[in-house]
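So this block is coords05.pdb, PDB, C-alpha atoms:
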ATOM      1  CA  MET A   5      31.125  18.952   4.777  1.00  0.00           C
ATOM      2  CA  MET A   6      28.826  21.839   5.675  1.00  0.00           C
ATOM      3  CA  THR A   7      29.772  23.988   8.631  1.00  0.00           C
ATOM      4  CA  LEU A   8      26.776  25.454  10.420  1.00  0.00           C
ATOM      5  CA  GLN A   9      26.995  28.988  11.724  1.00  0.00           C
ATOM      6  CA  ARG A  10      25.736  29.712  15.211  1.00  0.00           C
ATOM      7  CA  ARG A  11      22.948  32.236  14.773  1.00  0.00           C
ATOM      8  CA  ALA A  12      21.384  34.122  17.628  1.00  0.00           C
ATOM      9  CA  GLY A  13      18.334  32.227  18.870  1.00  0.00           C
ATOM     10  CA  VAL A  14      18.656  29.400  16.300  1.00  0.00           C
ATOM     11  CA  ALA A  15      20.042  26.142  17.692  1.00  0.00           C
ATOM     12  CA  LEU A  16      22.262  23.945  15.533  1.00  0.00           C
ATOM     13  CA  TRP A  17      19.717  21.111  15.541  1.00  0.00           C
ATOM     14  CA  ARG A  18      17.095  23.531  14.223  1.00  0.00           C
ATOM     15  CA  GLN A  19      19.411  24.591  11.387  1.00  0.00           C
ATOM     16  CA  ILE A  20      19.891  20.926  10.513  1.00  0.00           C
ATOM     17  CA  ALA A  21      16.116  20.434  10.470  1.00  0.00           C
ATOM     18  CA  GLU A  22      15.667  23.490   8.222  1.00  0.00           C
ATOM     19  CA  THR A  23      18.351  22.253   5.805  1.00  0.00           C
ATOM     20  CA  LEU A  24      16.887  18.748   5.590  1.00  0.00           C
ATOM     21  CA  GLU A  25      13.388  20.178   5.144  1.00  0.00           C
ATOM     22  CA  SER A  26      14.711  22.248   2.232  1.00  0.00           C
ATOM     23  CA  ASP A  27      16.359  19.131   0.755  1.00  0.00           C
ATOM     24  CA  ILE A  28      13.021  17.313   0.963  1.00  0.00           C
ATOM     25  CA  LYS A  29      11.092  20.159  -0.679  1.00  0.00           C
ATOM     26  CA  GLU A  30      13.656  20.332  -3.496  1.00  0.00           C
ATOM     27  CA  GLN A  31      13.339  16.544  -4.044  1.00  0.00           C
ATOM     28  CA  ILE A  32      16.964  15.917  -3.146  1.00  0.00           C
ATOM     29  CA  PHE A  33      15.378  13.384  -0.810  1.00  0.00           C
ATOM     30  CA  PRO A  34      12.086  12.400  -2.523  1.00  0.00           C
ATOM     31  CA  PRO A  35       9.189  10.616  -0.751  1.00  0.00           C
ATOM     32  CA  GLY A  36      10.188   7.142   0.391  1.00  0.00           C
ATOM     33  CA  ARG A  37      13.927   7.825   0.120  1.00  0.00           C
ATOM     34  CA  LYS A  38      16.150   6.701   2.967  1.00  0.00           C
ATOM     35  CA  LEU A  39      18.219   9.477   4.534  1.00  0.00           C
ATOM     36  CA  PRO A  40      21.942   9.125   5.168  1.00  0.00           C
ATOM     37  CA  THR A  41      22.820   7.617   8.537  1.00  0.00           C
ATOM     38  CA  GLU A  42      23.192   9.754  11.660  1.00  0.00           C
ATOM     39  CA  ALA A  43      26.960   9.341  11.398  1.00  0.00           C
ATOM     40  CA  GLU A  44      26.950  10.542   7.773  1.00  0.00           C
ATOM     41  CA  LEU A  45      24.728  13.516   8.615  1.00  0.00           C
ATOM     42  CA  ALA A  46      26.893  14.372  11.612  1.00  0.00           C
ATOM     43  CA  GLU A  47      29.911  14.444   9.302  1.00  0.00           C
ATOM     44  CA  ARG A  48      28.031  16.547   6.744  1.00  0.00           C
ATOM     45  CA  PHE A  49      27.055  19.185   9.288  1.00  0.00           C
ATOM     46  CA  ALA A  50      30.210  18.893  11.426  1.00  0.00           C
ATOM     47  CA  VAL A  51      28.232  18.253  14.603  1.00  0.00           C
ATOM     48  CA  ASN A  52      27.764  15.333  16.976  1.00  0.00           C
ATOM     49  CA  ARG A  53      25.137  12.629  16.416  1.00  0.00           C
ATOM     50  CA  HIS A  54      23.007  13.842  19.309  1.00  0.00           C
ATOM     51  CA  THR A  55      22.491  17.182  17.547  1.00  0.00           C
ATOM     52  CA  VAL A  56      21.532  15.387  14.327  1.00  0.00           C
ATOM     53  CA  ARG A  57      19.137  13.168  16.289  1.00  0.00           C
ATOM     54  CA  ARG A  58      17.306  16.207  17.682  1.00  0.00           C
ATOM     55  CA  GLY A  59      16.848  17.640  14.197  1.00  0.00           C
ATOM     56  CA  ILE A  60      15.485  14.342  12.884  1.00  0.00           C
ATOM     57  CA  ALA A  61      13.153  13.974  15.865  1.00  0.00           C
ATOM     58  CA  PHE A  62      11.709  17.420  15.139  1.00  0.00           C
ATOM     59  CA  LEU A  63      11.037  16.558  11.480  1.00  0.00           C
ATOM     60  CA  GLU A  64       9.498  13.259  12.551  1.00  0.00           C
ATOM     61  CA  GLN A  65       7.088  15.156  14.821  1.00  0.00           C
ATOM     62  CA  GLU A  66       6.269  17.438  11.897  1.00  0.00           C
ATOM     63  CA  GLY A  67       5.383  14.403   9.781  1.00  0.00           C
ATOM     64  CA  LEU A  68       8.162  14.856   7.216  1.00  0.00           C
ATOM     65  CA  LEU A  69      10.247  11.868   8.294  1.00  0.00           C
ATOM     66  CA  ARG A  70       9.601   8.445   9.757  1.00  0.00           C
ATOM     67  CA  VAL A  71      12.125   6.440  11.753  1.00  0.00           C
ATOM     68  CA  GLU A  72      11.956   2.653  11.349  1.00  0.00           C
ATOM     69  CA  GLN A  73      13.763   0.705  14.031  1.00  0.00           C
ATOM     70  CA  GLY A  74      16.632  -1.253  12.517  1.00  0.00           C
ATOM     71  CA  ARG A  75      16.051   0.164   9.009  1.00  0.00           C
ATOM     72  CA  GLY A  76      16.803   3.867   9.189  1.00  0.00           C
ATOM     73  CA  THR A  77      15.086   7.201   8.580  1.00  0.00           C
ATOM     74  CA  PHE A  78      12.860   7.743   5.553  1.00  0.00           C
ATOM     75  CA  VAL A  79      11.095  10.671   3.938  1.00  0.00           C
ATOM     76  CA  GLN A  80       7.382  10.254   4.601  1.00  0.00           C
ATOM     77  CA  GLU A  81       5.292   9.523   1.510  1.00  0.00           C
ATOM     78  CA  ARG A  82       2.167  11.445   0.682  1.00  0.00           C
ATOM     79  CA  MET A  83      -0.742   9.659   2.333  1.00  0.00           C
ATOM     80  CA  VAL A  84      -3.213   7.914   0.025  1.00  0.00           C
ATOM     81  CA  ASP A  85      -6.913   8.617   0.597  1.00  0.00           C
ATOM     82  CA  TYR A  86      -8.379   5.205  -0.168  1.00  0.00           C
ATOM     83  CA  LYS A  87     -12.113   5.575  -0.682  1.00  0.00           C
ATOM     84  CA  LEU A  88     -14.500   2.816   0.358  1.00  0.00           C
ATOM     85  CA  GLY A  89     -17.914   3.177  -1.192  1.00  0.00           C
ATOM     86  CA  LYS A  90     -20.542   1.357  -3.186  1.00  0.00           C
ATOM     87  CA  ARG A  91     -17.991   0.786  -5.955  1.00  0.00           C
ATOM     88  CA  THR A  92     -14.429   0.370  -4.743  1.00  0.00           C
ATOM     89  CA  ARG A  93     -11.782  -0.152  -7.426  1.00  0.00           C
ATOM     90  CA  PHE A  94      -8.063  -0.038  -6.570  1.00  0.00           C
ATOM     91  CA  SER A  95      -6.738   1.412  -9.840  1.00  0.00           C
ATOM     92  CA  GLU A  96      -9.475   4.039 -10.125  1.00  0.00           C
ATOM     93  CA  ASN A  97      -8.914   5.115  -6.526  1.00  0.00           C
ATOM     94  CA  ILE A  98      -5.217   5.672  -7.116  1.00  0.00           C
ATOM     95  CA  GLU A  99      -5.432   7.241 -10.581  1.00  0.00           C
ATOM     96  CA  LYS A 100      -7.902   9.864  -9.338  1.00  0.00           C
ATOM     97  CA  GLN A 101      -5.126  11.109  -7.057  1.00  0.00           C
ATOM     98  CA  SER A 102      -2.752  11.518 -10.023  1.00  0.00           C
ATOM     99  CA  ARG A 103      -0.637   8.603  -8.860  1.00  0.00           C
ATOM    100  CA  ILE A 104       0.395   5.378 -10.576  1.00  0.00           C
ATOM    101  CA  PRO A 105      -1.261   2.087  -9.537  1.00  0.00           C
ATOM    102  CA  SER A 106       0.267  -1.317 -10.193  1.00  0.00           C
ATOM    103  CA  GLY A 107       0.023  -4.814  -8.793  1.00  0.00           C
ATOM    104  CA  GLU A 108       1.899  -8.047  -8.296  1.00  0.00           C
ATOM    105  CA  LEU A 109       0.339 -11.491  -8.037  1.00  0.00           C
ATOM    106  CA  VAL A 110       1.322 -13.311  -4.845  1.00  0.00           C
ATOM    107  CA  ARG A 111      -0.583 -16.554  -5.340  1.00  0.00           C
ATOM    108  CA  ALA A 112      -3.611 -17.968  -7.138  1.00  0.00           C
ATOM    109  CA  LEU A 113      -5.074 -21.381  -6.327  1.00  0.00           C
ATOM    110  CA  VAL A 114      -8.203 -23.413  -5.681  1.00  0.00           C
ATOM    111  CA  LEU A 115      -8.814 -24.513  -2.096  1.00  0.00           C
ATOM    112  CA  SER A 116     -11.562 -25.665   0.249  1.00  0.00           C
ATOM    113  CA  ALA A 117     -13.611 -22.965   1.944  1.00  0.00           C
ATOM    114  CA  ASP A 118     -13.046 -22.715   5.676  1.00  0.00           C
ATOM    115  CA  ALA A 119     -15.855 -21.681   7.999  1.00  0.00           C
ATOM    116  CA  THR A 120     -15.234 -17.936   7.612  1.00  0.00           C
ATOM    117  CA  VAL A 121     -15.009 -17.946   3.822  1.00  0.00           C
ATOM    118  CA  ALA A 122     -18.002 -20.272   3.487  1.00  0.00           C
ATOM    119  CA  LYS A 123     -20.159 -18.114   5.740  1.00  0.00           C
ATOM    120  CA  ASN A 124     -19.346 -14.892   3.884  1.00  0.00           C
ATOM    121  CA  LEU A 125     -19.772 -16.418   0.411  1.00  0.00           C
ATOM    122  CA  GLN A 126     -22.907 -18.243   1.591  1.00  0.00           C
ATOM    123  CA  ILE A 127     -21.653 -21.605   0.388  1.00  0.00           C
ATOM    124  CA  ARG A 128     -21.085 -24.849   2.251  1.00  0.00           C
ATOM    125  CA  LYS A 129     -17.917 -25.368   4.256  1.00  0.00           C
ATOM    126  CA  GLY A 130     -15.395 -27.348   2.215  1.00  0.00           C
ATOM    127  CA  ALA A 131     -16.741 -26.196  -1.137  1.00  0.00           C
ATOM    128  CA  SER A 132     -14.123 -25.203  -3.712  1.00  0.00           C
ATOM    129  CA  VAL A 133     -13.167 -21.535  -3.815  1.00  0.00           C
ATOM    130  CA  VAL A 134     -10.654 -19.641  -5.908  1.00  0.00           C
ATOM    131  CA  LEU A 135      -8.150 -17.488  -4.028  1.00  0.00           C
ATOM    132  CA  ILE A 136      -6.335 -14.685  -5.815  1.00  0.00           C
ATOM    133  CA  GLU A 137      -3.934 -12.737  -3.621  1.00  0.00           C
ATOM    134  CA  ASN A 138      -2.014  -9.716  -4.845  1.00  0.00           C
ATOM    135  CA  VAL A 139       0.033  -6.768  -3.680  1.00  0.00           C
ATOM    136  CA  GLY A 140      -1.275  -3.339  -4.655  1.00  0.00           C
ATOM    137  CA  LYS A 141       1.351  -0.663  -5.282  1.00  0.00           C
ATOM    138  CA  VAL A 142       1.246   3.121  -5.542  1.00  0.00           C
ATOM    139  CA  ASP A 143       4.095   4.789  -7.437  1.00  0.00           C
ATOM    140  CA  GLY A 144       5.960   1.494  -7.204  1.00  0.00           C
ATOM    141  CA  ARG A 145       5.692   1.203  -3.413  1.00  0.00           C
ATOM    142  CA  PRO A 146       3.539  -1.566  -1.858  1.00  0.00           C
ATOM    143  CA  ILE A 147       0.496  -0.268  -0.012  1.00  0.00           C
ATOM    144  CA  SER A 148      -1.814  -3.276   0.350  1.00  0.00           C
ATOM    145  CA  VAL A 149      -2.102  -7.047   0.275  1.00  0.00           C
ATOM    146  CA  ALA A 150      -5.538  -8.209  -0.901  1.00  0.00           C
ATOM    147  CA  ALA A 151      -7.028 -11.704  -0.833  1.00  0.00           C
ATOM    148  CA  HIS A 152     -10.020 -12.285  -3.136  1.00  0.00           C
ATOM    149  CA  HIS A 153     -12.194 -15.405  -2.723  1.00  0.00           C
ATOM    150  CA  PHE A 154     -14.634 -16.496  -5.439  1.00  0.00           C
ATOM    151  CA  PRO A 155     -16.926 -19.545  -5.567  1.00  0.00           C
ATOM    152  CA  ALA A 156     -15.137 -21.925  -7.959  1.00  0.00           C
ATOM    153  CA  ARG A 157     -18.397 -23.329  -9.285  1.00  0.00           C
ATOM    154  CA  ARG A 158     -19.376 -19.958 -10.752  1.00  0.00           C
ATOM    155  CA  PHE A 159     -15.873 -18.770 -11.709  1.00  0.00           C
ATOM    156  CA  PRO A 160     -13.967 -21.939 -12.682  1.00  0.00           C
ATOM    157  CA  ASP A 161     -11.319 -20.340 -14.920  1.00  0.00           C
ATOM    158  CA  ILE A 162     -10.957 -16.945 -13.264  1.00  0.00           C
ATOM    159  CA  ILE A 163      -7.288 -17.504 -12.400  1.00  0.00           C
ATOM    160  CA  GLU A 164      -6.213 -17.777 -16.032  1.00  0.00           C
ATOM    161  CA  ILE A 165      -8.475 -14.901 -17.050  1.00  0.00           C
ATOM    162  CA  TYR A 166      -7.046 -12.722 -14.266  1.00  0.00           C
ATOM    163  CA  LYS A 167      -3.477 -13.590 -15.259  1.00  0.00           C
ATOM    164  CA  ARG A 168      -4.186 -12.474 -18.831  1.00  0.00           C
ATOM    165  CA  SER A 169      -5.952  -9.242 -17.913  1.00  0.00           C
ATOM    166  CA  GLY A 170      -4.241  -8.362 -14.626  1.00  0.00           C
ATOM    167  CA  SER A 171      -7.565  -7.060 -13.334  1.00  0.00           C
ATOM    168  CA  ILE A 172     -10.298  -8.529 -11.132  1.00  0.00           C
ATOM    169  CA  THR A 173     -12.849  -6.188 -12.708  1.00  0.00           C
ATOM    170  CA  LYS A 174     -11.921  -7.295 -16.250  1.00  0.00           C
ATOM    171  CA  ALA A 175     -11.955 -10.945 -15.235  1.00  0.00           C
ATOM    172  CA  LEU A 176     -15.502 -10.596 -13.904  1.00  0.00           C
ATOM    173  CA  VAL A 177     -16.617  -8.998 -17.184  1.00  0.00           C
ATOM    174  CA  HIS A 178     -15.709 -12.315 -18.842  1.00  0.00           C
ATOM    175  CA  TYR A 179     -18.490 -13.882 -16.760  1.00  0.00           C
ATOM    176  CA  GLY A 180     -21.016 -11.254 -17.777  1.00  0.00           C
ATOM    177  CA  ILE A 181     -20.605  -9.160 -14.632  1.00  0.00           C
ATOM    178  CA  ASP A 182     -20.134  -5.653 -16.014  1.00  0.00           C
ATOM    179  CA  ASP A 183     -20.680  -4.077 -12.609  1.00  0.00           C
ATOM    180  CA  TYR A 184     -20.488  -5.147  -8.985  1.00  0.00           C
ATOM    181  CA  THR A 185     -20.998  -3.283  -5.744  1.00  0.00           C
ATOM    182  CA  ARG A 186     -19.886  -3.420  -2.158  1.00  0.00           C
ATOM    183  CA  LYS A 187     -22.473  -4.979   0.128  1.00  0.00           C
ATOM    184  CA  GLU A 188     -20.500  -4.774   3.352  1.00  0.00           C
ATOM    185  CA  THR A 189     -17.151  -3.630   4.727  1.00  0.00           C
ATOM    186  CA  ARG A 190     -15.718  -4.336   8.174  1.00  0.00           C
ATOM    187  CA  ILE A 191     -12.584  -2.477   9.302  1.00  0.00           C
ATOM    188  CA  THR A 192     -10.131  -3.383  12.061  1.00  0.00           C
ATOM    189  CA  ALA A 193      -6.452  -2.738  12.808  1.00  0.00           C
ATOM    190  CA  ARG A 194      -3.618  -4.966  14.004  1.00  0.00           C
ATOM    191  CA  LEU A 195       0.108  -5.567  13.657  1.00  0.00           C
ATOM    192  CA  PRO A 196       1.231  -7.334  10.467  1.00  0.00           C
ATOM    193  CA  THR A 197       2.234 -10.967  10.241  1.00  0.00           C
ATOM    194  CA  ALA A 198       5.765 -11.807   9.163  1.00  0.00           C
ATOM    195  CA  ASN A 199       4.568 -12.450   5.602  1.00  0.00           C
ATOM    196  CA  GLU A 200       2.572  -9.202   5.442  1.00  0.00           C
ATOM    197  CA  SER A 201       5.570  -7.310   6.791  1.00  0.00           C
ATOM    198  CA  ARG A 202       7.713  -8.761   4.004  1.00  0.00           C
ATOM    199  CA  LEU A 203       5.210  -8.081   1.220  1.00  0.00           C
ATOM    200  CA  LEU A 204       4.463  -4.541   2.379  1.00  0.00           C
ATOM    201  CA  GLU A 205       8.100  -3.786   3.248  1.00  0.00           C
ATOM    202  CA  LEU A 206       6.794  -2.702   6.619  1.00  0.00           C
ATOM    203  CA  PRO A 207       8.287  -3.150  10.113  1.00  0.00           C
ATOM    204  CA  ARG A 208       6.433  -5.598  12.350  1.00  0.00           C
ATOM    205  CA  SER A 209       5.872  -2.714  14.788  1.00  0.00           C
ATOM    206  CA  GLN A 210       3.809  -0.689  12.285  1.00  0.00           C
ATOM    207  CA  PRO A 211       0.044  -1.442  12.155  1.00  0.00           C
ATOM    208  CA  VAL A 212      -2.029  -2.457   9.170  1.00  0.00           C
ATOM    209  CA  LEU A 213      -5.657  -1.577   8.493  1.00  0.00           C
ATOM    210  CA  VAL A 214      -7.704  -4.670   7.692  1.00  0.00           C
ATOM    211  CA  SER A 215     -10.918  -4.344   5.704  1.00  0.00           C
ATOM    212  CA  GLU A 216     -13.118  -7.381   5.109  1.00  0.00           C
ATOM    213  CA  ASN A 217     -15.525  -6.941   2.244  1.00  0.00           C
ATOM    214  CA  ILE A 218     -18.361  -8.673   0.427  1.00  0.00           C
ATOM    215  CA  ASN A 219     -19.171  -7.782  -3.186  1.00  0.00           C
ATOM    216  CA  VAL A 220     -22.369  -8.624  -5.046  1.00  0.00           C
ATOM    217  CA  ASP A 221     -23.492  -8.670  -8.678  1.00  0.00           C
ATOM    218  CA  PRO A 222     -26.359  -6.497 -10.013  1.00  0.00           C
ATOM    219  CA  GLU A 223     -28.872  -9.181  -8.897  1.00  0.00           C
ATOM    220  CA  GLY A 224     -27.534  -9.039  -5.348  1.00  0.00           C
ATOM    221  CA  ARG A 225     -25.803 -12.423  -5.432  1.00  0.00           C
ATOM    222  CA  ILE A 226     -22.516 -12.649  -3.568  1.00  0.00           C
ATOM    223  CA  ILE A 227     -19.600 -13.039  -5.942  1.00  0.00           C
ATOM    224  CA  GLU A 228     -16.584 -12.267  -3.769  1.00  0.00           C
ATOM    225  CA  PHE A 229     -15.412 -12.241  -0.189  1.00  0.00           C
ATOM    226  CA  GLY A 230     -12.028 -10.784   0.596  1.00  0.00           C
ATOM    227  CA  TRP A 231      -9.855  -8.890   2.959  1.00  0.00           C
ATOM    228  CA  THR A 232      -7.276  -6.198   2.366  1.00  0.00           C
ATOM    229  CA  ARG A 233      -4.370  -5.405   4.653  1.00  0.00           C
ATOM    230  CA  MET A 234      -3.174  -1.850   4.117  1.00  0.00           C
ATOM    231  CA  ALA A 235      -0.111  -0.099   5.559  1.00  0.00           C
ATOM    232  CA  ALA A 236      -1.646   2.399   7.993  1.00  0.00           C
ATOM    233  CA  GLU A 237       1.213   4.856   7.622  1.00  0.00           C
ATOM    234  CA  ARG A 238       0.705   5.063   3.854  1.00  0.00           C
ATOM    235  CA  ALA A 239      -3.063   5.249   3.539  1.00  0.00           C
ATOM    236  CA  GLN A 240      -6.209   6.323   5.290  1.00  0.00           C
ATOM    237  CA  LEU A 241      -9.583   4.744   4.580  1.00  0.00           C
ATOM    238  CA  VAL A 242     -12.278   7.201   3.572  1.00  0.00           C
ATOM    239  CA  VAL A 243     -15.767   5.715   3.975  1.00  0.00           C
ATOM    240  CA  GLN A 244     -18.317   7.079   1.524  1.00  0.00           C
ATOM    241  CA  PRO A 245     -22.095   6.456   1.534  1.00  0.00           C
TER
END

Once more with this new file: its structure as structure tokens, please.
Amino acid sequence: MMTLQRRAGVALWRQIAETLESDIKEQIFPPGRKLPTEAELAERFAVNRHTVRRGIAFLEQEGLLRVEQGRGTFVQERMVDYKLGKRTRFSENIEKQSRIPSGELVRALVLSADATVAKNLQIRKGASVVLIENVGKVDGRPISVAAHHFPARRFPDIIEIYKRSGSITKALVHYGIDDYTRKETRITARLPTANESRLLELPRSQPVLVSENINVDPEGRIIEFGWTRMAAERAQLVVQP
């Protein structure tokens, strides 16, 4: 238990905020860590929960904490600047910020192109396409869910190649595509679906940024249509020419 001293002009809730801010800076509570409950903090500081709540609210306004309804209070992670440009590569984007990228395969299958996928890949509706969906992580925390669609006729074995390499870029090299560029990106925002909320470990009340993209090979032929759903509280999209 820590007994706060009443100091002239410094409210108890402000002292709590200062102490927690110091704990965060000293990595006692690192980014992403869940704080003790209000009851536990009230016991620590020997105050009532209302006083603790005011201190937390102040740090939330300052951007140091985030409060997730039904889950608790967490230390805010450092925002990722995710750059969208002519060449957009997940791992390169993250590594340039001195952070650790990783991924997890959600599903990989062959299916029939619906109207949207067919239009963006410029193939007929119902044609076979390969879907590879994965979760992108930064420092072990999920940040995005990406769905990649490829025409199955041109990339028949890309699922197995991707599973071996763990990289879309490396899988495309197998087909002689050493480079590919972004032709178009469309960005919107919405609330996550139940599945997206689960994969991103994100409350249904927190928005996701959705970017639809079309990639082409050096000859300008469309090779991929996909969309990425990114936790808005963990990343900002930086559009580059």

Padding 6 Å on every side, please: axis-aligned box over the listed atoms of range 107-112 of chain A, centre and edge lengths to one decimal in Å, as JSON.
{"center_x": -0.9, "center_y": -11.4, "center_z": -6.8, "size_x": 17.5, "size_y": 25.2, "size_z": 15.9}

Give me the range 96-214 of chain A side of the contact with range 77-92 of chain A, cut-off 7 Å, one line per residue showing its nearest atom pair and distance in Å at one decimal, counting all atoms listed in the file, sorted by chain and residue number, as CSV.
residue,atom,partner,partner_atom,distance
A:Asn97,CA,A:Tyr86,CA,6.4
A:Thr185,CA,A:Arg91,CA,5.1
A:Arg186,CA,A:Lys90,CA,4.9

Output the selection as a CSV table (one decimal), keeping the file's coordinate frame - C-alpha atoms for each residue.
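Output saved as again17.csv:
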chain,number,residue,atom,x,y,z
A,97,ASN,CA,-8.9,5.1,-6.5
A,185,THR,CA,-21.0,-3.3,-5.7
A,186,ARG,CA,-19.9,-3.4,-2.2

Q: Starting from the shown file, work through the PyMOL selection byres ((chain A and resi 161) around 12) and note down what comes out as a list of chain:residue names.
A: A:Ala112, A:Leu113, A:Val114, A:Val133, A:Val134, A:Leu135, A:Ile136, A:Phe154, A:Pro155, A:Ala156, A:Arg157, A:Arg158, A:Phe159, A:Pro160, A:Ile162, A:Ile163, A:Glu164, A:Ile165, A:Tyr166, A:Lys167, A:Arg168, A:Ala175, A:Leu176, A:His178, A:Tyr179

Q: Up to 12 Å from (-3.4, 6.3, 0.9) in the file's coordinates: name the residues, counting only C-alpha atoms, as JSON, numbers by chain.
A: {"A": [81, 82, 83, 84, 85, 86, 87, 88, 94, 97, 98, 99, 100, 101, 103, 105, 140, 141, 142, 143, 145, 146, 147, 148, 213, 234, 235, 236, 237, 238, 239, 240, 241, 242]}

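Rounded to one decimal, CA of Glu25 in chain A and CA of Leu39 in chain A lie 11.8 Å from each other.
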
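CA of Thr232 in chain A to CA of Arg128 in chain A spans 23.2 Å [interatomic distance, one decimal].
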
Q: Go through A:Pro245, A:Gly76, A:Gly180, A:Gly144 one by one, measure the shortest atom-to-atom distance of each to Lys38 in chain A using all atoms listed in the file, and give the residue with the smallest value.
A: A:Gly76

Q: Can you work out which one of A:Arg53, A:Lys123, A:Ala131, A:Arg37 has the shortest atom-to-atom distance to Arg75 in chain A, counting all atoms listed in the file?
A: A:Arg37

(Q) So that I can check the surroundings of Ala151 in chain A, please list as a ChimeraX atom specification every protein, DNA and RNA residue that reaches within 6 Å of it, counting only C-alpha atoms and ignoring chain neighbours fewer than 5 positions away. (A) /A:136-137,230-231

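Taking CA of Arg48 in chain A as the reference point, CA of Glu22 in chain A is found at 14.3 Å.
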
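Checking A:Val51, A:Ile20, A:Val14, A:Ile172 one by one against Ser95 in chain A, counting all atoms listed in the file, you find the shortest gap at A:Ile172.
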
Q: Run the PyMOL selection byres ((chain A and resi 191) around 6) mentally over the shown coordinates, then write out the matched residues as a ChimeraX atom specification, using the chain letters and numbers from the document.
A: /A:190,192,214-215

Q. Could you write out as a list in words the residues that the PyMOL selection byres ((chain A and resi 45) around 12) matches in the shown file?
A.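 After applying the PyMOL selection byres ((chain A and resi 45) around 12), what remains is Met5, Met6, Thr7, Trp17, Ile20, Ala21, Thr23, Leu24, Leu39, Pro40, Thr41, Glu42, Ala43, Glu44, Ala46, Glu47, Arg48, Phe49, Ala50, Val51, Asn52, Arg53, His54, Thr55, Val56, Arg57, Gly59, Ile60 and Thr77 of chain A.
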
(Q) Show me, as a count of residues only, the residues that have an atom within 10 Å of Ile226 in chain A when counting only C-alpha atoms, minus same-chain residues fewer than 2 positions from it. (A) 19

Q. Which residue gives the smallest distance to Val212 in chain A among A:Glu188, A:Glu66, A:Asp182, A:Glu200, with only C-alpha atoms counted?
A.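 Closest to Val212 in chain A of all the choices is A:Glu200.
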
Could N, CA and C atoms be built for range 99-114 of chain A and written out as a PDB file, keeping the file's coordinate frame?
ATOM      1  N   GLU A  99      -5.581   6.352  -9.424  1.00  0.00           N
ATOM      2  CA  GLU A  99      -5.432   7.241 -10.581  1.00  0.00           C
ATOM      3  C   GLU A  99      -6.112   8.590 -10.362  1.00  0.00           C
ATOM      4  N   LYS A 100      -7.205   8.612  -9.608  1.00  0.00           N
ATOM      5  CA  LYS A 100      -7.902   9.864  -9.338  1.00  0.00           C
ATOM      6  C   LYS A 100      -7.064  10.812  -8.486  1.00  0.00           C
ATOM      7  N   GLN A 101      -6.018  10.284  -7.863  1.00  0.00           N
ATOM      8  CA  GLN A 101      -5.126  11.109  -7.057  1.00  0.00           C
ATOM      9  C   GLN A 101      -3.838  11.433  -7.829  1.00  0.00           C
ATOM     10  N   SER A 102      -3.894  11.234  -9.144  1.00  0.00           N
ATOM     11  CA  SER A 102      -2.752  11.518 -10.023  1.00  0.00           C
ATOM     12  C   SER A 102      -1.507  10.738  -9.608  1.00  0.00           C
ATOM     13  N   ARG A 103      -1.744   9.477  -9.220  1.00  0.00           N
ATOM     14  CA  ARG A 103      -0.637   8.603  -8.860  1.00  0.00           C
ATOM     15  C   ARG A 103      -0.744   7.326  -9.691  1.00  0.00           C
ATOM     16  N   ILE A 104       0.309   6.528  -9.672  1.00  0.00           N
ATOM     17  CA  ILE A 104       0.395   5.378 -10.576  1.00  0.00           C
ATOM     18  C   ILE A 104       0.127   4.074  -9.821  1.00  0.00           C
ATOM     19  N   PRO A 105      -0.977   3.378 -10.172  1.00  0.00           N
ATOM     20  CA  PRO A 105      -1.261   2.087  -9.537  1.00  0.00           C
ATOM     21  C   PRO A 105      -0.588   0.937 -10.288  1.00  0.00           C
ATOM     22  N   SER A 106      -0.247  -0.097  -9.569  1.00  0.00           N
ATOM     23  CA  SER A 106       0.267  -1.317 -10.193  1.00  0.00           C
ATOM     24  C   SER A 106       0.028  -2.460  -9.213  1.00  0.00           C
ATOM     25  N   GLY A 107       0.268  -3.667  -9.660  1.00  0.00           N
ATOM     26  CA  GLY A 107       0.023  -4.814  -8.793  1.00  0.00           C
ATOM     27  C   GLY A 107       0.974  -5.954  -9.083  1.00  0.00           C
ATOM     28  N   GLU A 108       1.033  -6.870  -8.151  1.00  0.00           N
ATOM     29  CA  GLU A 108       1.899  -8.047  -8.296  1.00  0.00           C
ATOM     30  C   GLU A 108       1.167  -9.248  -7.698  1.00  0.00           C
ATOM     31  N   LEU A 109       1.023 -10.288  -8.494  1.00  0.00           N
ATOM     32  CA  LEU A 109       0.339 -11.491  -8.037  1.00  0.00           C
ATOM     33  C   LEU A 109       1.205 -12.230  -7.022  1.00  0.00           C
ATOM     34  N   VAL A 110       0.618 -12.563  -5.889  1.00  0.00           N
ATOM     35  CA  VAL A 110       1.322 -13.311  -4.845  1.00  0.00           C
ATOM     36  C   VAL A 110       1.052 -14.801  -5.002  1.00  0.00           C
ATOM     37  N   ARG A 111      -0.219 -15.150  -5.129  1.00  0.00           N
ATOM     38  CA  ARG A 111      -0.583 -16.554  -5.340  1.00  0.00           C
ATOM     39  C   ARG A 111      -2.001 -16.626  -5.890  1.00  0.00           C
ATOM     40  N   ALA A 112      -2.283 -17.724  -6.593  1.00  0.00           N
ATOM     41  CA  ALA A 112      -3.611 -17.968  -7.138  1.00  0.00           C
ATOM     42  C   ALA A 112      -3.827 -19.482  -7.142  1.00  0.00           C
ATOM     43  N   LEU A 113      -4.848 -19.950  -6.456  1.00  0.00           N
ATOM     44  CA  LEU A 113      -5.074 -21.381  -6.327  1.00  0.00           C
ATOM     45  C   LEU A 113      -6.521 -21.677  -5.961  1.00  0.00           C
ATOM     46  N   VAL A 114      -6.887 -22.940  -6.098  1.00  0.00           N
ATOM     47  CA  VAL A 114      -8.203 -23.413  -5.681  1.00  0.00           C
ATOM     48  C   VAL A 114      -8.028 -24.158  -4.366  1.00  0.00           C
TER      49      VAL A 114
END
